[in-house]
file run_36.txt (compact mmCIF, C-alpha atoms (C1' of nucleotides))
# COMPACT_ATOMS: atom_id res chain seq x y z
CA MET V 422 8.22 176.47 43.88
CA THR V 423 7.63 178.01 47.27
CA GLN V 424 5.35 180.88 46.36
CA PRO V 425 3.67 180.85 42.99
CA ARG V 426 4.60 183.94 41.03
CA TRP V 427 1.26 184.81 39.48
CA LEU V 428 1.16 186.72 36.25
CA ASN V 429 0.93 190.49 36.51
CA SER V 430 -1.48 192.40 34.35
CA GLU V 431 0.98 192.95 31.50
CA GLU V 432 1.89 189.30 31.47
CA GLU V 433 -1.70 188.23 31.59
CA ARG V 434 -2.47 190.57 28.72
CA LEU V 435 0.26 188.97 26.65
CA TRP V 436 -0.78 185.46 27.58
CA LEU V 437 -4.38 186.01 26.58
CA ALA V 438 -3.37 187.75 23.36
CA PHE V 439 -0.98 184.93 22.60
CA LEU V 440 -3.73 182.38 23.03
CA ARG V 441 -6.03 184.42 20.82
CA MET V 442 -3.35 184.65 18.15
CA ARG V 443 -2.82 180.91 18.19
CA ARG V 444 -6.50 180.30 17.93
CA ALA V 445 -6.90 182.80 15.12
CA ILE V 446 -4.14 181.15 13.13
CA ASP V 447 -5.57 177.69 13.72
CA VAL V 448 -9.06 178.72 12.76
CA ALA V 449 -7.82 180.31 9.55
CA ILE V 450 -5.60 177.43 8.52
CA ASP V 451 -7.93 174.62 9.51
CA GLY V 452 -10.83 176.34 7.84
CA GLN V 453 -8.97 176.83 4.60
CA LEU V 454 -7.87 173.21 4.56
CA ALA V 455 -11.37 172.04 5.35
CA GLU V 456 -12.59 173.90 2.27
CA ALA V 457 -10.08 171.85 0.32
CA GLY V 458 -11.41 168.69 1.92
CA LEU V 459 -8.33 168.05 4.02
CA SER V 460 -7.69 167.99 7.73
CA PRO V 461 -4.49 169.48 9.16
CA ALA V 462 -3.31 165.94 9.75
CA ASP V 463 -3.95 165.04 6.13
CA TYR V 464 -1.91 168.00 5.03
CA ASP V 465 0.99 167.13 7.28
CA VAL V 466 1.12 163.67 5.74
CA LEU V 467 0.53 164.66 2.14
CA ALA V 468 3.00 167.54 2.03
CA PRO V 469 6.21 165.55 2.57
CA LEU V 470 4.86 162.78 0.39
CA SER V 471 4.35 165.10 -2.54
CA GLN V 472 7.76 166.63 -2.05
CA SER V 473 9.51 163.30 -1.98
CA GLY V 474 9.88 161.06 -4.96
CA GLU V 475 6.50 159.52 -4.51
CA ALA V 476 6.88 156.89 -1.86
CA LEU V 477 8.21 157.10 1.68
CA ARG V 478 8.70 154.53 4.37
CA VAL V 479 6.29 154.99 7.21
CA ARG V 480 9.22 155.37 9.54
CA ASP V 481 10.74 158.19 7.52
CA LEU V 482 7.46 159.94 6.95
CA ALA V 483 6.79 159.86 10.67
CA ALA V 484 10.25 161.23 11.47
CA LEU V 485 9.81 163.96 8.89
CA ILE V 486 6.71 165.35 10.53
CA GLY V 487 7.58 164.41 14.09
CA TRP V 488 4.80 161.91 14.69
CA ASP V 489 5.01 158.67 16.58
CA ARG V 490 4.36 155.37 14.87
CA SER V 491 0.97 154.82 16.34
CA ARG V 492 -0.37 158.16 15.30
CA ILE V 493 0.76 157.86 11.73
CA ALA V 494 -0.49 154.28 11.43
CA HIS V 495 -3.98 155.37 12.42
CA GLN V 496 -3.84 158.36 10.13
CA LEU V 497 -2.62 156.31 7.18
CA ARG V 498 -5.35 153.75 7.69
CA ARG V 499 -7.99 156.45 7.47
CA MET V 500 -6.32 158.15 4.53
CA GLU V 501 -6.01 154.87 2.69
CA GLN V 502 -9.71 154.25 3.19
CA ARG V 503 -10.39 157.61 1.60
CA GLY V 504 -8.12 156.80 -1.29
CA LEU V 505 -5.53 159.50 -0.64
CA VAL V 506 -2.60 157.11 -0.20
CA VAL V 507 -1.81 153.44 -0.65
CA ARG V 508 0.57 151.25 1.29
CA SER V 509 2.78 148.52 -0.09
CA GLY V 510 5.28 146.18 1.49
CA SER V 511 8.80 147.49 1.46
CA THR V 512 11.48 146.07 -0.76
CA THR V 513 14.52 145.39 1.35
CA ASP V 514 13.41 145.58 4.95
CA ARG V 515 10.37 143.39 5.21
CA ARG V 516 9.28 145.18 8.35
CA GLY V 517 8.89 148.35 6.40
CA THR V 518 5.86 149.72 4.62
CA LEU V 519 5.96 152.17 1.75
CA VAL V 520 3.38 154.89 1.50
CA HIS V 521 2.47 156.06 -1.98
CA LEU V 522 0.48 159.08 -3.01
CA THR V 523 -2.50 158.20 -5.18
CA ASP V 524 -3.63 160.41 -8.01
CA LEU V 525 -6.43 161.56 -5.77
CA GLY V 526 -3.96 162.37 -3.03
CA ARG V 527 -1.69 164.27 -5.37
CA THR V 528 -4.59 166.22 -6.77
CA ALA V 529 -5.77 167.07 -3.27
CA ILE V 530 -2.44 168.35 -1.99
CA THR V 531 -1.69 170.25 -5.16
CA ALA V 532 -5.05 171.92 -5.00
CA ALA V 533 -4.79 172.75 -1.32
CA ALA V 534 -1.21 173.98 -1.09
CA PRO V 535 -1.46 177.44 -2.67
CA GLY V 536 -4.44 178.42 -0.55
CA HIS V 537 -2.69 177.06 2.49
CA VAL V 538 0.42 179.17 2.05
CA GLU V 539 -1.72 182.13 1.15
CA THR V 540 -3.63 181.71 4.39
CA VAL V 541 -0.48 181.50 6.49
CA ARG V 542 0.74 184.64 4.83
CA ARG V 543 -2.49 186.54 5.20
CA VAL V 544 -3.11 185.68 8.81
CA LEU V 545 0.45 186.04 10.04
CA PHE V 546 3.08 187.48 7.75
CA ASP V 547 0.95 190.23 6.29
CA GLN V 548 0.59 191.57 9.82
CA LEU V 549 4.32 191.75 10.44
CA ASP V 550 6.83 194.36 9.36
CA GLN V 551 10.51 193.55 9.07
CA GLN V 552 11.19 194.37 12.69
CA ASP V 553 8.33 192.23 13.94
CA LEU V 554 9.63 189.36 11.92
CA ALA V 555 13.08 189.60 13.48
CA CYS V 556 11.65 190.02 16.96
CA LEU V 557 9.24 187.12 16.69
CA THR V 558 11.85 184.84 15.17
CA SER V 559 14.21 185.61 18.02
CA ILE V 560 11.56 184.96 20.64
CA ALA V 561 10.24 181.79 19.07
CA GLU V 562 13.66 180.24 18.65
CA ARG V 563 14.67 181.22 22.15
CA VAL V 564 11.53 179.80 23.75
CA ALA V 565 11.66 176.59 21.72
CA ASP V 566 15.34 176.05 22.39
CA ALA V 567 15.06 176.85 26.07
CA ALA V 568 12.35 174.23 26.39
CA GLY V 569 14.80 171.78 24.88
CA LEU V 570 12.30 170.59 22.34
CA THR V 571 14.02 168.26 19.96
CA GLY V 572 13.60 170.26 16.81
CA ILE V 573 11.55 168.27 14.39
CA SER V 574 13.68 167.88 11.34
CA ARG V 575 11.11 168.59 8.69
CA THR V 576 12.34 168.69 5.15
CA GLY V 577 14.69 171.61 5.56
CA GLY V 578 15.77 173.19 2.32
CA PRO V 579 13.57 174.53 -0.41
CA ALA V 580 11.42 172.05 -2.23
CA ARG V 581 12.92 170.45 -5.25
CA PRO V 582 11.91 172.16 -8.42
CA GLY V 583 9.31 170.19 -10.23
CA THR V 584 7.51 168.90 -7.18
CA ALA V 585 4.44 170.44 -5.73
CA GLN V 586 5.28 173.38 -3.53
CA VAL V 587 3.68 172.62 -0.22
CA ARG V 588 5.84 174.15 2.40
CA PRO V 589 4.08 175.09 5.64
CA GLY V 590 1.95 172.59 7.46
CA ARG V 591 1.16 172.81 11.08
CA GLU V 592 2.18 169.45 12.60
CA SER V 593 -0.72 170.02 14.99
CA MET F 1352 -4.73 184.27 -5.49
CA THR F 1353 -3.17 184.21 -8.91
CA GLN F 1354 0.36 183.18 -8.09
CA PRO F 1355 0.99 181.73 -4.67
CA ARG F 1356 3.51 183.82 -2.79
CA TRP F 1357 5.61 181.11 -1.20
CA LEU F 1358 7.48 181.82 1.99
CA ASN F 1359 11.03 183.03 1.63
CA SER F 1360 13.75 181.57 3.79
CA GLU F 1361 13.37 184.14 6.56
CA GLU F 1362 9.67 183.61 6.66
CA GLU F 1363 10.01 179.87 6.65
CA ARG F 1364 12.51 180.11 9.46
CA LEU F 1365 10.04 182.11 11.52
CA TRP F 1366 7.17 179.80 10.71
CA LEU F 1367 9.05 176.70 11.77
CA ALA F 1368 10.33 178.40 14.91
CA PHE F 1369 6.83 179.57 15.69
CA LEU F 1370 5.51 176.04 15.38
CA ARG F 1371 8.28 174.74 17.60
CA MET F 1372 7.53 177.38 20.20
CA ARG F 1373 3.87 176.48 20.24
CA ARG F 1374 4.70 172.84 20.59
CA ALA F 1375 7.21 173.48 23.34
CA ILE F 1376 4.69 175.46 25.32
CA ASP F 1377 2.01 172.83 24.86
CA VAL F 1378 4.30 170.00 25.85
CA ALA F 1379 5.37 171.84 28.98
CA ILE F 1380 1.90 172.84 30.07
CA ASP F 1381 0.14 169.59 29.19
CA GLY F 1382 2.89 167.60 30.84
CA GLN F 1383 2.70 169.56 34.04
CA LEU F 1384 -1.06 169.23 34.17
CA ALA F 1385 -0.83 165.53 33.45
CA GLU F 1386 1.44 165.15 36.47
CA ALA F 1387 -1.35 166.71 38.46
CA GLY F 1388 -3.81 164.26 36.95
CA LEU F 1389 -5.63 166.84 34.86
CA SER F 1390 -6.04 167.37 31.14
CA PRO F 1391 -5.93 170.86 29.67
CA ALA F 1392 -9.66 170.60 29.17
CA ASP F 1393 -10.14 169.70 32.83
CA TYR F 1394 -8.15 172.74 33.80
CA ASP F 1395 -10.15 175.05 31.60
CA VAL F 1396 -13.34 173.87 33.23
CA LEU F 1397 -12.09 173.74 36.81
CA ALA F 1398 -10.40 177.13 36.81
CA PRO F 1399 -13.48 179.32 36.33
CA LEU F 1400 -15.46 177.02 38.60
CA SER F 1401 -13.02 177.50 41.43
CA GLN F 1402 -12.96 181.23 40.89
CA SER F 1403 -16.71 181.56 40.94
CA GLY F 1404 -18.82 181.12 43.99
CA GLU F 1405 -18.94 177.36 43.60
CA ALA F 1406 -21.59 176.64 41.05
CA LEU F 1407 -22.04 177.90 37.51
CA ARG F 1408 -24.70 177.33 34.92
CA VAL F 1409 -23.41 175.23 32.07
CA ARG F 1410 -24.27 178.05 29.70
CA ASP F 1411 -22.22 180.58 31.64
CA LEU F 1412 -19.30 178.25 32.14
CA ALA F 1413 -19.21 177.56 28.43
CA ALA F 1414 -19.32 181.25 27.58
CA LEU F 1415 -16.55 181.94 30.06
CA ILE F 1416 -14.12 179.60 28.37
CA GLY F 1417 -15.43 180.00 24.84
CA TRP F 1418 -16.69 176.47 24.34
CA ASP F 1419 -19.83 175.37 22.61
CA ARG F 1420 -22.56 173.52 24.43
CA SER F 1421 -21.78 170.15 22.98
CA ARG F 1422 -18.14 170.22 23.91
CA ILE F 1423 -18.76 171.20 27.48
CA ALA F 1424 -21.54 168.66 27.89
CA HIS F 1425 -19.18 165.85 26.88
CA GLN F 1426 -16.42 167.18 29.07
CA LEU F 1427 -18.71 167.55 32.08
CA ARG F 1428 -19.98 164.01 31.64
CA ARG F 1429 -16.44 162.67 31.77
CA MET F 1430 -15.49 164.89 34.68
CA GLU F 1431 -18.59 163.93 36.60
CA GLN F 1432 -17.72 160.27 36.13
CA ARG F 1433 -14.33 160.96 37.62
CA GLY F 1434 -15.88 162.78 40.54
CA LEU F 1435 -14.43 166.21 39.79
CA VAL F 1436 -17.77 167.95 39.42
CA VAL F 1437 -21.44 167.27 39.98
CA ARG F 1438 -24.44 168.58 38.12
CA SER F 1439 -27.77 169.57 39.58
CA GLY F 1440 -30.95 170.95 38.09
CA SER F 1441 -31.12 174.70 38.04
CA THR F 1442 -33.37 176.68 40.31
CA THR F 1443 -35.28 179.15 38.22
CA ASP F 1444 -34.83 178.15 34.60
CA ARG F 1445 -35.67 174.49 34.43
CA ARG F 1446 -33.69 174.11 31.23
CA GLY F 1447 -30.54 175.02 33.07
CA THR F 1448 -28.03 172.82 34.82
CA LEU F 1449 -25.73 173.91 37.60
CA VAL F 1450 -22.19 172.59 37.77
CA HIS F 1451 -20.66 172.26 41.20
CA LEU F 1452 -17.08 171.61 42.14
CA THR F 1453 -16.67 168.57 44.35
CA ASP F 1454 -14.11 168.40 47.12
CA LEU F 1455 -12.03 166.25 44.86
CA GLY F 1456 -12.32 168.80 42.08
CA ARG F 1457 -11.38 171.66 44.34
CA THR F 1458 -8.43 169.76 45.68
CA ALA F 1459 -7.28 168.95 42.17
CA ILE F 1460 -7.43 172.48 40.83
CA THR F 1461 -5.88 173.96 43.94
CA ALA F 1462 -3.04 171.50 43.73
CA ALA F 1463 -2.48 172.00 40.03
CA ALA F 1464 -2.74 175.76 39.74
CA PRO F 1465 0.60 176.90 41.21
CA GLY F 1466 2.58 174.48 39.08
CA HIS F 1467 0.59 175.50 36.07
CA VAL F 1468 1.35 179.18 36.40
CA GLU F 1469 4.92 178.36 37.25
CA THR F 1470 5.20 176.36 34.05
CA VAL F 1471 3.76 179.13 31.90
CA ARG F 1472 6.24 181.50 33.45
CA ARG F 1473 9.21 179.23 33.08
CA VAL F 1474 8.58 178.21 29.50
CA LEU F 1475 7.56 181.61 28.21
CA PHE F 1476 7.94 184.66 30.41
CA ASP F 1477 11.31 183.77 31.83
CA GLN F 1478 12.62 183.83 28.26
CA LEU F 1479 11.36 187.36 27.57
CA ASP F 1480 12.85 190.69 28.53
CA GLN F 1481 10.72 193.80 28.80
CA GLN F 1482 11.16 194.64 25.14
CA ASP F 1483 10.22 191.13 24.00
CA LEU F 1484 7.12 191.33 26.07
CA ALA F 1485 6.01 194.56 24.44
CA CYS F 1486 6.87 193.31 20.99
CA LEU F 1487 5.09 189.99 21.38
CA THR F 1488 2.04 191.60 22.91
CA SER F 1489 1.81 193.98 20.00
CA ILE F 1490 2.16 191.22 17.44
CA ALA F 1491 -0.25 188.85 19.12
CA GLU F 1492 -2.96 191.45 19.52
CA ARG F 1493 -2.51 192.65 15.97
CA VAL F 1494 -2.67 189.16 14.48
CA ALA F 1495 -5.64 188.12 16.58
CA ASP F 1496 -7.54 191.33 15.86
CA ALA F 1497 -6.76 191.25 12.17
CA ALA F 1498 -8.19 187.76 11.97
CA GLY F 1499 -11.33 189.15 13.52
CA LEU F 1500 -11.47 186.46 16.14
CA THR F 1501 -14.24 187.22 18.54
CA GLY F 1502 -12.22 187.62 21.69
CA ILE F 1503 -13.30 185.06 24.19
CA SER F 1504 -14.46 186.98 27.20
CA ARG F 1505 -12.77 184.97 29.88
CA THR F 1506 -13.04 186.22 33.43
CA GLY F 1507 -11.17 189.44 32.92
CA GLY F 1508 -9.95 191.04 36.10
CA PRO F 1509 -7.82 189.50 38.79
CA ALA F 1510 -9.30 186.64 40.72
CA ARG F 1511 -11.28 187.54 43.74
CA PRO F 1512 -9.23 187.36 46.88
CA GLY F 1513 -10.03 184.27 48.84
CA THR F 1514 -10.59 182.00 45.88
CA ALA F 1515 -8.00 179.75 44.41
CA GLN F 1516 -5.70 181.56 42.03
CA VAL F 1517 -5.89 179.70 38.77
CA ARG F 1518 -5.38 182.22 36.03
CA PRO F 1519 -3.87 180.88 32.80
CA GLY F 1520 -5.45 177.92 31.13
CA ARG F 1521 -5.05 177.22 27.48
CA GLU F 1522 -8.59 176.91 26.08
CA SER F 1523 -7.07 174.47 23.64
C1' DC W 853 -54.33 181.93 25.65
C1' DG W 854 -51.64 179.29 22.27
C1' DA W 855 -48.58 178.65 18.33
C1' DA W 856 -43.99 179.88 16.56
C1' DA W 857 -39.44 180.80 17.58
C1' DG W 858 -35.58 180.67 20.46
C1' DT W 859 -32.62 178.71 24.32
C1' DC W 860 -30.54 175.01 26.82
C1' DG W 861 -28.28 170.86 27.62
C1' DC W 862 -27.65 166.32 25.94
C1' DT W 863 -26.49 162.50 22.74
C1' DG W 864 -24.51 159.68 18.82
C1' DA W 865 -21.34 159.51 15.12
C1' DC W 866 -17.03 160.37 13.44
C1' DG W 867 -12.23 161.95 13.08
C1' DT W 868 -8.35 162.53 15.82
C1' DA W 869 -4.35 161.95 19.58
C1' DT W 870 -2.11 159.19 23.03
C1' DC W 871 -0.93 155.06 25.50
C1' DA W 872 0.14 150.24 26.18
C1' DG W 873 1.12 146.27 24.03
C1' DC W 874 1.98 142.86 20.20
C1' DA W 875 4.09 140.17 16.35
C1' DA W 876 7.18 140.11 12.72
C1' DA W 877 11.55 141.18 11.09
C1' DC W 878 16.14 142.55 11.86
C1' DC W 879 20.74 142.95 14.21
C1' DT W 880 24.45 141.80 17.30
C1' DA W 881 27.37 139.08 19.90
C1' DT W 882 28.65 134.90 21.18
C1' DA E 62 23.51 129.56 14.23
C1' DT E 63 21.08 131.39 17.49
C1' DA E 64 19.53 133.89 21.79
C1' DG E 65 18.57 138.49 23.22
C1' DG E 66 17.60 142.89 22.25
C1' DT E 67 15.90 146.46 18.92
C1' DT E 68 13.17 148.33 15.23
C1' DT E 69 8.96 148.61 12.69
C1' DG E 70 4.27 148.95 11.98
C1' DC E 71 -0.11 147.80 13.69
C1' DT E 72 -4.10 147.45 16.92
C1' DG E 73 -7.43 148.35 20.83
C1' DA E 74 -8.73 151.32 24.53
C1' DT E 75 -9.59 155.71 26.00
C1' DA E 76 -10.00 160.70 25.80
C1' DC E 77 -11.02 164.72 23.21
C1' DG E 78 -13.37 168.03 19.65
C1' DT E 79 -16.87 168.89 16.17
C1' DC E 80 -21.11 168.29 13.85
C1' DA E 81 -25.97 167.34 13.34
C1' DG E 82 -29.90 166.75 15.65
C1' DC E 83 -33.24 166.00 19.61
C1' DG E 84 -36.38 166.92 23.49
C1' DA E 85 -37.53 169.93 27.13
C1' DC E 86 -38.30 174.36 28.45
C1' DT E 87 -38.99 179.48 27.88
C1' DT E 88 -40.04 183.64 25.46
C1' DT E 89 -42.42 186.22 22.00
C1' DC E 90 -46.18 187.75 19.72
C1' DG E 91 -50.57 187.48 17.39
call {"tool": "encode", "arguments": {"input": "run_36.txt", "output": "structure tokens"}}
result
Amino acid sequence: MTQPRWLNSEEERLWLAFLRMRRAIDVAIDGQLAEAGLSPADYDVLAPLSQSGEALRVRDLAALIGWDRSRIAHQLRRMEQRGLVVRSGSTTDRRGTLVHLTDLGRTAITAAAPGHVETVRRVLFDQLDQQDLACLTSIAERVADAAGLTGISRTGGPARPGTAQVRPGRES
Amino acid sequence: MTQPRWLNSEEERLWLAFLRMRRAIDVAIDGQLAEAGLSPADYDVLAPLSQSGEALRVRDLAALIGWDRSRIAHQLRRMEQRGLVVRSGSTTDRRGTLVHLTDLGRTAITAAAPGHVETVRRVLFDQLDQQDLACLTSIAERVADAAGLTGISRTGGPARPGTAQVRPGRES
DNA sequence: CGAAAGTCGCTGACGTATCAGCAAACCTAT
DNA sequence: ATAGGTTTGCTGATACGTCAGCGACTTTCG
């Protein structure tokens, strides 16, 4: 790092536009979720819960959304206070804690999910043609991989039929 | 919003990659700043301060980085406690407050800036060829404009010669 | 002039994210 | 079986962002 290579005008233009795009997406998504009474963090927790059988170990839930134990413990405490989830001691491993969706929690995620996906689509995908999609996918995967970010597993395949469809999320 | 249009596999692939890219960039930038002892918020405040004459009105500083008054007031309080900035009553408008960079603050931003730009370049621009750059710029501007986000003014042109070069930032 | 309206910066409350650290439970190797 | 290390989940401290609201000041307009 002898001489800093400052950004040229094209690069600066991209950087600022990139930041604006991020912000626009966040504002749209967070605002839509707020209308549904959920924070982005709530959504990240509720989505995998609703897709799974009903209960998840805190450890697994955390791994699924790429959070550390502390963060999810705080979040679960607040969500439990609001009646969105409940915790119960695990069966086999007595260290473990199971997180269950309450009826209120299930109602909330089911109500919020369609608008959420719709918002993601409207703010991002509706602006992209097929070529944009390929280009952006290539760039995003390249940048993420080059940074060596351990790809958060997330749930992977399509949601099981019969469970609430709650794909996206934002994992803050 | 009759029937939610869920993401297809290509779209989901892009969305997840996009999230990973964002996260990778944040991790890289925040980590580099943390090594320099600054938070992203610190950087956003210090950068325009170091580029301006030396002092800015709180109002103008906030407008420059697109923050509301409350947020910047909290941030300035914390930064003043750490000795990065000082506040003084304004001259003409007695409602106003002037924010000054301290020597410590100037040292901090000057030390952090080269690594910051270097990090932005390494994590993003070094992964893009000329075509990627054009494509991503087009997409980002389109998405941001479509969302109708009031483009934060930011400082605009290149930094004045003679002042610390501290372009990027992330305005969280 | 003087009242109404607007601007400015600050504060307290609350939700959130990260860090360090803890206690209980578990696992492994002797 | 048991000592040492690991995993799990939690907590407290601190920093950050947003919201509602306040007091001081300035501007506007009758």
call {"tool": "residues_near_point", "arguments": {"input": "run_36.txt", "point": "(12.1, 191.3, 26.0)", "cutoff": "12 Å", "atoms": "all atoms listed in the file", "output": "PyMOL selection string"}}
result
(chain V and resi 432+556-557+559-561+563-564) or (chain F and resi 1475-1488)
call {"tool": "closest_residue", "arguments": {"input": "run_36.txt", "among": "W:DA869, W:DA881, W:DC860, W:DA875", "to": "chain V", "atoms": "all atoms listed in the file"}}
result
W:DA869
call {"tool": "interface_residues", "arguments": {"input": "run_36.txt", "of": "chain F", "to": "chain V", "cutoff": "7 Å", "atoms": "all atoms listed in the file", "output": "PyMOL selection string"}}
result
chain F and resi 1355-1357+1365+1368-1372+1375+1465+1468-1469+1474-1475+1478+1487-1488+1491-1495+1498+1500+1521
call {"tool": "interface_residues", "arguments": {"input": "run_36.txt", "of": "chain F", "to": "chain W", "cutoff": "8 Å", "atoms": "all atoms listed in the file", "output": "mmCIF file with C-alpha atoms, in the coordinates of the input"}}
result
data_model
loop_
_atom_site.group_PDB
_atom_site.id
_atom_site.type_symbol
_atom_site.label_atom_id
_atom_site.label_comp_id
_atom_site.auth_asym_id
_atom_site.auth_seq_id
_atom_site.Cartn_x
_atom_site.Cartn_y
_atom_site.Cartn_z
ATOM 1 C CA VAL F 1409 -23.410 175.230 32.070
ATOM 2 C CA ARG F 1410 -24.270 178.050 29.700
ATOM 3 C CA ARG F 1420 -22.560 173.520 24.430
ATOM 4 C CA SER F 1421 -21.780 170.150 22.980
ATOM 5 C CA ALA F 1424 -21.540 168.660 27.890
ATOM 6 C CA ARG F 1446 -33.690 174.110 31.230
ATOM 7 C CA GLY F 1447 -30.540 175.020 33.070
ATOM 8 C CA THR F 1448 -28.030 172.820 34.820
#
call {"tool": "closest_residue", "arguments": {"input": "run_36.txt", "among": "V:Leu454, V:Arg515, V:Ile493, V:Leu525", "to": "V:Val466", "atoms": "only C-alpha atoms"}}
result
V:Ile493
call {"tool": "axis_aligned_box", "arguments": {"input": "run_36.txt", "around": "stretch 1476-1488 of chain F", "padding_each_side": "3 Å", "output": "lines of an AutoDock Vina configuration file"}}
result
center_x = 7.4
center_y = 189.2
center_z = 26.4
size_x = 16.8
size_y = 16.9
size_z = 16.8
call {"tool": "atom_distance", "arguments": {"input": "run_36.txt", "atom1": "atom CA of V:Asp514", "atom2": "atom CA of V:Leu467"}}
result
23.2 Å
call {"tool": "closest_residue", "arguments": {"input": "run_36.txt", "among": "E:DG70, E:DG65, E:DG84, E:DG78", "to": "chain V", "atoms": "all atoms listed in the file"}}
result
E:DG70
call {"tool": "atom_distance", "arguments": {"input": "run_36.txt", "atom1": "atom CA of F:Arg1433", "atom2": "atom CA of F:Thr1461"}}
result
16.7 Å
call {"tool": "atom_distance", "arguments": {"input": "run_36.txt", "atom1": "atom CA of V:Gln453", "atom2": "atom CA of V:Ala533"}}
result
8.3 Å
call {"tool": "closest_residue", "arguments": {"input": "run_36.txt", "among": "V:Ser471, V:Thr523, V:Ser511, V:Gln502", "to": "chain E", "atoms": "only C-alpha atoms (C1' of nucleotides)"}}
result
V:Ser511
call {"tool": "interface_residues", "arguments": {"input": "run_36.txt", "of": "chain E", "to": "chain F", "cutoff": "12 Å", "atoms": "all atoms listed in the file", "output": "VMD selection string"}}
result
chain E and resid 75 to 82 84 to 88
